[in-house]
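Below is one structure, written out as structure tokens; the observations come after it.
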Amino acid sequence: MGRTISVGQLRQNPTRMLREVQAGATYTVTDHGRSVAAVVPRSRHRWVPVEEVAELLRTLGDDDAWRHEISEQRRAEQPSDPWDDQR
């Protein structure tokens, strides 16, 4: 993962490292030679219109194996009503 920086180095100049991360760099922060953290650019959420999602799902088609797996799991779980007083 990108560059490595010690806690001491980070403490001396955090602004520079954060600017580089903002520009896309990644860092591994170490403490006494041990990796303790990863500093990576924050991902931006991308909103996708429902029409795009629907089209993608239509394109992918049905997944019979997944449908079967879900059905089997539902049968095995035997869900119950937690507010039912007659348990």
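We name chains A, B, ... following the order of the structure tokens; residues begin at 1 in each chain, and ligands are numbered from 1 as shown.
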Near A:Thr26, counting only C-alpha atoms, which residues have an atom at most 10 Å away, once you skip same-chain residues fewer than 2 positions from it, shown as a count of residues only? 17
Please, which residues of chain A, numbered as in this document, come out alpha helix (DSSP H) from DSSP, as a PyMOL selection string? chain A and resi 7-12+14-22+50-60+64-77
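Of all the residues in chain A, the ones DSSP labels as strand (DSSP E) from the backbone are A:Arg3, A:Thr4, A:Ile5, A:Ser6, A:Tyr27, A:Thr28, A:Val29, A:Thr30, A:Asp31, A:Arg34, A:Ser35, A:Val36, A:Ala37, A:Ala38, A:Val39.
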Please dump the current selection as a CSV table (one decimal), in the first residue's frame; keep N, CA and C atoms.
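Saved to selection-v3.csv:
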```csv
chain,number,residue,atom,x,y,z
A,3,ARG,N,2.9,4.6,0.3
A,3,ARG,CA,4.0,5.0,1.1
A,3,ARG,C,3.9,4.6,2.6
A,4,THR,N,5.0,4.5,3.3
A,4,THR,CA,5.0,4.2,4.7
A,4,THR,C,5.5,5.5,5.5
A,5,ILE,N,4.8,5.8,6.6
A,5,ILE,CA,5.2,6.9,7.4
A,5,ILE,C,5.1,6.5,8.9
A,6,SER,N,6.0,6.9,9.7
A,6,SER,CA,6.0,6.6,11.1
A,6,SER,C,5.1,7.6,11.8
A,27,TYR,N,-1.1,5.8,2.4
A,27,TYR,CA,0.0,5.7,3.4
A,27,TYR,C,-0.3,4.6,4.4
A,28,THR,N,0.7,3.9,4.8
A,28,THR,CA,0.7,3.0,5.9
A,28,THR,C,1.4,3.7,7.1
A,29,VAL,N,0.7,3.8,8.2
A,29,VAL,CA,1.3,4.4,9.4
A,29,VAL,C,1.9,3.3,10.3
A,30,THR,N,3.1,3.5,10.7
A,30,THR,CA,3.8,2.5,11.5
A,30,THR,C,4.1,3.1,12.9
A,31,ASP,N,4.1,2.3,13.9
A,31,ASP,CA,4.5,2.6,15.2
A,31,ASP,C,5.6,1.6,15.7
A,34,ARG,N,5.8,-1.4,13.4
A,34,ARG,CA,4.6,-2.2,13.2
A,34,ARG,C,3.5,-1.3,12.5
A,35,SER,N,2.9,-1.9,11.5
A,35,SER,CA,1.8,-1.2,10.8
A,35,SER,C,0.6,-1.1,11.7
A,36,VAL,N,0.1,0.1,11.9
A,36,VAL,CA,-1.0,0.4,12.8
A,36,VAL,C,-2.2,1.0,12.1
A,37,ALA,N,-2.0,1.6,10.9
A,37,ALA,CA,-3.2,2.2,10.3
A,37,ALA,C,-2.9,2.4,8.8
A,38,ALA,N,-4.0,2.5,8.1
A,38,ALA,CA,-3.9,2.9,6.7
A,38,ALA,C,-4.6,4.2,6.5
A,39,VAL,N,-4.0,5.1,5.8
A,39,VAL,CA,-4.6,6.4,5.5
A,39,VAL,C,-4.8,6.4,4.0
```
Atom pair atom CA of A:Glu52 / atom CA of A:His68: separation (Å): 26.1 Å
